[in-house]
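Text of upload03.tsv, listed as TSV, C-alpha atoms:
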```tsv
chain	number	residue	atom	x	y	z
A	13	MET	CA	12.63	38.42	-48.05
A	14	THR	CA	16.25	38.03	-47.01
A	15	ASN	CA	19.18	38.33	-49.38
A	16	HIS	CA	19.72	34.58	-49.11
A	17	GLU	CA	16.13	33.85	-50.16
A	18	SER	CA	16.34	36.25	-53.10
A	19	GLN	CA	19.17	34.24	-54.68
A	20	PHE	CA	16.72	31.52	-55.71
A	21	ALA	CA	13.62	31.21	-57.86
A	22	ILE	CA	10.26	32.72	-56.95
A	23	TYR	CA	7.25	30.81	-58.29
A	24	PRO	CA	4.21	33.03	-58.87
A	25	SER	CA	2.03	29.94	-59.34
A	26	ILE	CA	2.69	28.88	-55.71
A	27	LYS	CA	1.61	32.15	-54.11
A	28	GLY	CA	-1.73	31.69	-52.39
A	29	ARG	CA	-1.78	27.95	-53.05
A	30	ARG	CA	-2.97	25.70	-50.25
A	31	VAL	CA	-0.29	23.27	-49.04
A	32	LEU	CA	-0.33	20.38	-46.55
A	33	ILE	CA	2.98	18.94	-45.29
A	34	THR	CA	3.30	15.93	-43.00
A	35	GLY	CA	6.11	15.83	-40.46
A	36	GLY	CA	6.73	19.55	-40.80
A	37	ALA	CA	8.10	20.59	-37.41
A	38	THR	CA	11.75	19.63	-37.83
A	39	GLY	CA	14.34	18.53	-40.38
A	40	ILE	CA	13.53	18.59	-44.08
A	41	GLY	CA	9.85	19.05	-43.19
A	42	GLU	CA	10.64	22.26	-41.32
A	43	ALA	CA	12.49	23.50	-44.41
A	44	PHE	CA	9.45	22.65	-46.57
A	45	VAL	CA	7.12	24.63	-44.31
A	46	THR	CA	9.49	27.61	-44.34
A	47	GLY	CA	10.17	27.45	-48.06
A	48	PHE	CA	6.52	27.33	-49.11
A	49	ALA	CA	5.61	30.10	-46.65
A	50	GLN	CA	8.37	32.24	-48.16
A	51	GLN	CA	6.72	31.73	-51.55
A	52	GLY	CA	3.45	33.13	-50.17
A	53	ALA	CA	1.64	29.80	-49.94
A	54	ARG	CA	-0.98	29.02	-47.31
A	55	VAL	CA	0.71	26.21	-45.41
A	56	ALA	CA	-0.62	23.67	-42.92
A	57	PHE	CA	1.53	20.97	-41.40
A	58	PHE	CA	1.15	17.87	-39.25
A	59	ASP	CA	3.49	16.71	-36.52
A	60	ILE	CA	3.53	15.50	-32.91
A	61	GLN	CA	6.43	17.72	-31.79
A	62	ASP	CA	4.34	20.56	-30.40
A	63	GLU	CA	7.09	22.83	-29.04
A	64	ALA	CA	9.22	22.63	-32.18
A	65	ALA	CA	6.12	23.31	-34.27
A	66	ARG	CA	5.17	26.37	-32.24
A	67	GLN	CA	8.68	27.76	-32.52
A	68	LEU	CA	8.60	27.27	-36.28
A	69	VAL	CA	5.25	29.02	-36.65
A	70	ASP	CA	6.47	31.97	-34.58
A	71	GLN	CA	9.72	32.20	-36.54
A	72	ILE	CA	7.98	32.24	-39.92
A	73	GLU	CA	5.43	34.80	-38.79
A	74	SER	CA	8.13	37.03	-37.27
A	75	ASN	CA	9.93	37.04	-40.63
A	76	GLY	CA	6.85	38.53	-42.27
A	77	HIS	CA	5.66	35.44	-44.14
A	78	PRO	CA	2.14	33.94	-44.03
A	79	LYS	CA	1.60	32.19	-40.71
A	80	PRO	CA	1.36	28.40	-41.19
A	81	ASP	CA	-1.25	26.30	-39.42
A	82	TYR	CA	0.06	23.56	-37.14
A	83	ILE	CA	-2.11	20.49	-36.51
A	84	HIS	CA	-1.05	17.93	-33.90
A	85	CYS	CA	-1.55	14.64	-35.72
A	86	ASP	CA	-0.04	11.20	-35.18
A	87	ILE	CA	0.13	9.94	-38.76
A	88	THR	CA	0.14	6.31	-37.56
A	89	ASP	CA	-3.42	6.85	-36.23
A	90	LEU	CA	-5.54	6.62	-39.38
A	91	ASP	CA	-8.69	7.97	-37.72
A	92	ALA	CA	-6.70	11.03	-36.63
A	93	VAL	CA	-5.25	11.31	-40.13
A	94	ARG	CA	-8.66	11.41	-41.79
A	95	THR	CA	-10.05	13.88	-39.27
A	96	SER	CA	-6.99	16.14	-39.49
A	97	VAL	CA	-6.90	16.12	-43.30
A	98	LEU	CA	-10.57	17.03	-43.54
A	99	SER	CA	-10.29	19.81	-40.94
A	100	THR	CA	-7.21	21.18	-42.69
A	101	ILE	CA	-9.00	21.24	-46.04
A	102	GLU	CA	-11.93	23.04	-44.43
A	103	SER	CA	-9.60	25.56	-42.76
A	104	LEU	CA	-7.62	26.26	-45.95
A	105	GLY	CA	-10.70	26.25	-48.15
A	106	GLY	CA	-9.32	23.45	-50.30
A	107	LEU	CA	-5.98	21.87	-51.13
A	108	ASP	CA	-3.57	22.23	-54.06
A	109	ILE	CA	-0.26	20.72	-52.91
A	110	LEU	CA	0.39	17.71	-50.67
A	111	ILE	CA	3.86	16.75	-49.42
A	112	ASN	CA	4.01	13.33	-47.77
A	113	ASN	CA	7.18	13.84	-45.77
A	114	ALA	CA	6.85	12.24	-42.30
A	115	ALA	CA	9.26	9.37	-41.63
A	116	ASN	CA	11.44	7.68	-39.02
A	117	ASP	CA	14.78	6.13	-39.98
A	118	LEU	CA	15.12	4.10	-36.79
A	119	ARG	CA	18.19	1.90	-36.88
A	120	GLN	CA	17.50	-1.83	-36.52
A	121	THR	CA	19.41	-4.89	-37.66
A	122	VAL	CA	17.61	-7.65	-39.53
A	123	GLU	CA	17.76	-9.74	-36.36
A	124	GLU	CA	16.19	-6.99	-34.23
A	125	VAL	CA	13.10	-6.49	-36.39
A	126	THR	CA	9.92	-7.93	-34.88
A	127	PRO	CA	6.46	-8.13	-36.45
A	128	GLU	CA	5.43	-5.28	-34.15
A	129	SER	CA	8.37	-3.04	-35.06
A	130	TRP	CA	7.85	-3.85	-38.76
A	131	ASP	CA	4.21	-2.74	-38.60
A	132	ARG	CA	5.06	0.35	-36.58
A	133	LEU	CA	7.82	1.48	-38.95
A	134	MET	CA	5.76	0.75	-42.05
A	135	ALA	CA	2.96	2.84	-40.55
A	136	VAL	CA	5.21	5.86	-40.04
A	137	ASN	CA	7.21	5.51	-43.25
A	138	LEU	CA	4.83	4.20	-45.92
A	139	ARG	CA	1.23	3.56	-44.90
A	140	HIS	CA	0.38	7.15	-44.06
A	141	GLN	CA	1.52	8.38	-47.48
A	142	PHE	CA	-1.30	6.39	-49.07
A	143	PHE	CA	-4.00	7.22	-46.53
A	144	VAL	CA	-3.20	10.94	-46.24
A	145	THR	CA	-3.38	11.06	-50.03
A	146	GLN	CA	-6.64	9.12	-50.08
A	147	ALA	CA	-8.24	11.54	-47.60
A	148	ALA	CA	-6.94	14.57	-49.51
A	149	LEU	CA	-7.95	13.39	-53.00
A	150	PRO	CA	-11.44	14.96	-53.18
A	151	ALA	CA	-9.97	18.40	-52.45
A	152	LEU	CA	-6.98	17.86	-54.75
A	153	LYS	CA	-9.37	16.93	-57.58
A	154	GLN	CA	-11.27	20.16	-57.03
A	155	SER	CA	-8.02	22.12	-57.30
A	156	GLY	CA	-7.92	21.58	-61.05
A	157	SER	CA	-4.11	21.55	-61.03
A	158	ALA	CA	-2.69	19.80	-57.99
A	159	SER	CA	0.69	18.34	-57.10
A	160	ILE	CA	1.56	15.50	-54.72
A	161	ILE	CA	5.18	15.04	-53.67
A	162	ASN	CA	6.13	11.82	-51.89
A	163	MET	CA	9.38	11.74	-49.96
A	164	SER	CA	11.42	8.58	-50.60
A	165	SER	CA	15.18	8.19	-50.11
A	166	ILE	CA	18.28	6.92	-51.86
A	167	SER	CA	18.60	4.39	-49.02
A	168	TRP	CA	17.11	1.62	-51.15
A	169	LEU	CA	19.33	2.44	-54.13
A	170	ILE	CA	22.68	2.43	-52.35
A	171	PRO	CA	21.47	0.22	-50.54
A	172	SER	CA	21.76	1.18	-46.89
A	173	VAL	CA	22.21	-1.41	-44.15
A	174	GLY	CA	20.96	-1.35	-40.58
A	175	VAL	CA	17.57	0.09	-41.58
A	176	PRO	CA	15.84	-2.77	-43.44
A	177	VAL	CA	12.24	-1.73	-42.76
A	178	TYR	CA	12.92	1.91	-43.63
A	179	VAL	CA	14.66	0.90	-46.86
A	180	THR	CA	11.74	-1.35	-47.82
A	181	ALA	CA	9.26	1.44	-47.16
A	182	LYS	CA	11.23	4.01	-49.14
A	183	ALA	CA	11.38	1.64	-52.13
A	184	GLY	CA	7.63	1.13	-51.84
A	185	ILE	CA	7.06	4.89	-52.02
A	186	VAL	CA	8.52	4.97	-55.52
A	187	GLY	CA	6.07	2.26	-56.62
A	188	LEU	CA	3.22	4.11	-54.92
A	189	THR	CA	4.20	7.29	-56.73
A	190	ARG	CA	4.21	5.55	-60.11
A	191	THR	CA	0.77	4.01	-59.71
A	192	LEU	CA	-0.84	7.09	-58.14
A	193	ALA	CA	0.35	9.24	-61.03
A	194	HIS	CA	-1.71	7.08	-63.40
A	195	GLU	CA	-4.65	6.74	-61.02
A	196	VAL	CA	-5.17	10.49	-60.60
A	197	GLY	CA	-3.67	11.97	-63.75
A	198	LYS	CA	-7.12	12.24	-65.32
A	199	ASP	CA	-7.92	14.80	-62.62
A	200	ASN	CA	-4.83	16.85	-63.53
A	201	ILE	CA	-3.08	15.82	-60.33
A	202	ARG	CA	0.64	15.24	-60.70
A	203	VAL	CA	2.51	12.82	-58.42
A	204	ASN	CA	6.29	12.77	-58.09
A	205	ALA	CA	8.85	11.51	-55.58
A	206	ILE	CA	12.02	13.04	-54.18
A	207	LEU	CA	14.87	10.80	-53.05
A	208	PRO	CA	17.24	12.73	-50.77
A	209	GLY	CA	20.68	11.46	-49.88
A	210	ALA	CA	22.61	12.36	-46.75
A	211	ILE	CA	20.95	15.66	-45.91
A	212	VAL	CA	22.39	17.34	-42.82
A	213	THR	CA	19.50	18.10	-40.48
A	214	GLU	CA	19.67	18.90	-36.77
A	215	LYS	CA	18.68	15.28	-36.02
A	216	GLN	CA	21.41	13.94	-38.30
A	217	ARG	CA	23.98	16.16	-36.58
A	218	ARG	CA	22.83	15.00	-33.16
A	219	LEU	CA	22.53	11.26	-33.82
A	220	TRP	CA	24.49	10.09	-36.84
A	221	LEU	CA	26.95	12.63	-38.26
A	222	THR	CA	30.10	11.28	-36.68
A	223	PRO	CA	33.47	12.06	-38.27
A	224	GLU	CA	33.48	8.50	-39.63
A	225	TYR	CA	30.02	8.78	-41.22
A	226	SER	CA	30.85	12.24	-42.56
A	227	ALA	CA	33.93	10.82	-44.26
A	228	GLU	CA	31.87	7.97	-45.73
A	229	VAL	CA	29.30	10.40	-47.14
A	230	LEU	CA	31.91	12.61	-48.77
A	231	ALA	CA	33.78	9.60	-50.15
A	232	ASN	CA	30.62	8.34	-51.87
A	233	GLN	CA	29.28	11.67	-53.13
A	234	ALA	CA	30.52	13.25	-56.34
A	235	LEU	CA	30.12	16.65	-54.63
A	236	LYS	CA	32.56	16.85	-51.75
A	237	ARG	CA	30.40	18.85	-49.37
A	238	HIS	CA	27.46	18.20	-47.11
A	239	LEU	CA	23.96	18.82	-48.45
A	240	LEU	CA	21.36	20.94	-46.65
A	241	PRO	CA	17.54	20.73	-46.39
A	242	ASP	CA	17.02	23.87	-48.49
A	243	GLU	CA	18.57	22.05	-51.45
A	244	VAL	CA	15.74	19.52	-51.27
A	245	VAL	CA	13.15	22.26	-50.84
A	246	ARG	CA	14.14	23.98	-54.07
A	247	LEU	CA	13.31	20.83	-56.04
A	248	ALA	CA	9.99	20.45	-54.21
A	249	LEU	CA	9.05	24.04	-55.06
A	250	PHE	CA	9.66	23.36	-58.75
A	251	LEU	CA	7.59	20.15	-58.64
A	252	ALA	CA	4.77	21.98	-56.87
A	253	ALA	CA	4.76	24.92	-59.26
A	254	GLU	CA	3.16	25.12	-62.69
A	255	ASP	CA	6.68	25.27	-64.13
A	256	SER	CA	6.62	21.44	-63.92
A	257	SER	CA	3.08	21.05	-65.27
A	258	ALA	CA	4.03	18.20	-67.65
A	259	ILE	CA	6.02	16.18	-65.10
A	260	THR	CA	4.42	13.29	-63.22
A	261	GLY	CA	5.22	9.74	-62.13
A	262	GLN	CA	8.92	10.59	-61.78
A	263	SER	CA	11.52	10.20	-59.04
A	264	TYR	CA	14.23	12.80	-58.53
A	265	ILE	CA	17.44	12.25	-56.59
A	266	VAL	CA	19.05	14.99	-54.50
A	267	ASP	CA	22.21	13.35	-53.16
A	268	GLY	CA	25.30	15.09	-54.49
A	269	GLY	CA	25.95	12.17	-56.83
A	270	TRP	CA	25.96	9.22	-54.40
A	271	ALA	CA	23.37	6.82	-55.83
```
Could you take the file, read its structure, and then write that structure out as structure tokens?
Amino acid sequence: MTNHESQFAIYPSIKGRRVLITGGATGIGEAFVTGFAQQGARVAFFDIQDEAARQLVDQIESNGHPKPDYIHCDITDLDAVRTSVLSTIESLGGLDILINNAANDLRQTVEEVTPESWDRLMAVNLRHQFFVTQAALPALKQSGSASIINMSSISWLIPSVGVPVYVTAKAGIVGLTRTLAHEVGKDNIRVNAILPGAIVTEKQRRLWLTPEYSAEVLANQALKRHLLPDEVVRLALFLAAEDSSAITGQSYIVDGGWA
């Protein structure tokens, strides 16, 4: 463990736990895979970015942490989702923690949205969160103490413009989280949502983080600095650990005080 890692909490209840993360090859998902591996969890992750995924696996293993399993899975293909979830559960020997992270914040104006683009963006941003969870539920029930973390966004609280389908999906995830918490609570499965703000990922740097957007972010945030993926991961670790055993059906914002 590096000096940087040792500055933050270690959760004994996460060590050895079986974790599935969707969209884990890059961005916040990459930070989730790394963070849970650093805690000694047995991590599997879905993505379609094969080269980035392989590089991540090699990097984690070279740092002496448990090697994560990468599964190529298009989460908009529900047959592939079911097959991949079941094979992952079989490979891990069960499942304790599910992080529904995959998303695509494609920019579109209201006028540009078509029925086809609506369905495609809903599939990648909202639909899979339900159906990955549905496929994973039998194993999560067997865990005896499982945690589901759904990734939403502050985009629907601000609200953002130029991403109407994404914003709609991210609002829906909060409703999904609330109802799932009550549906599966009897099985001691907790369900919570995380709503990140403007988190600086490699994709954000490449596509959106212009000087103008950077200034807008800092003007709106109470904290006058950019936020990093690891700051989202630390909340997810707490929500996955037994330290949060009484917390379910809640939504937590990580945005430096924007929303």
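Residue nearest Arg66 (chain A), chosen from A:Arg218, A:His84, A:Lys198, A:Arg94 and counting all atoms listed in the file: A:His84.
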Identify the residues within 12 Å of coordinate (3.4, 31.3, -36.1) (same frame as the file), considering only C-alpha atoms, and give the answer as a VMD selection string.
-> chain A and resid 37 45 to 46 49 55 to 57 63 to 82
Tell me which of A:Gln141, A:Asn112, A:Ser167, A:Ser157 sits closest to Ala248 (chain A), counting only C-alpha atoms.
-> A:Asn112
Report the distance between CA of Ser164 (chain A) and CA of Gly41 (chain A) in Å, rounded to one decimal place.
->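 Pair CA of Ser164 (chain A) / CA of Gly41 (chain A) returns 12.9 Å.
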Would you list the residues near (-1.3, 11.9, -43.3), meaning any protein, DNA or RNA residue with an atom at most 6 Å from that point in file coordinates, counting all atoms listed in the file, as a ChimeraX atom specification?
-> /A:87,93,140,144
Go ahead and compute the interatomic distance for CA of Ser99 (chain A) and CA of Asn137 (chain A), in Å to one decimal.
->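 CA of Ser99 (chain A) sits 22.7 Å away from CA of Asn137 (chain A).
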With all atoms listed in the file as the atoms that count, which of A:Ile160, A:Ala148, A:Pro171, A:Val244 lies nearest to Ile259 (chain A)?
-> A:Ile160
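Taking CA of Ser103 (chain A) and CA of Pro150 (chain A) as endpoints, the distance between them is 15.0 Å.
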Of the candidates A:Gln50, A:Asn200, A:Gln233, A:Thr100, which shows the shortest atom-to-atom distance to Ser155 (chain A), using all atoms listed in the file?
->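 Closest to Ser155 (chain A) of all the choices is A:Asn200.
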Any idea what's packed within 10 Å of Glu214 (chain A), counting all atoms listed in the file, ignoring anything in its chain fewer than 5 positions away? Could you give it as a ChimeraX atom specification?
-> /A:38-40,219,221
Hey, which of A:Val177, A:Leu104, A:Ala183, A:Ile170 ends up closest to Ser129 (chain A)? Count all atoms listed in the file.
->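 The closest residue to Ser129 (chain A) is A:Val177.
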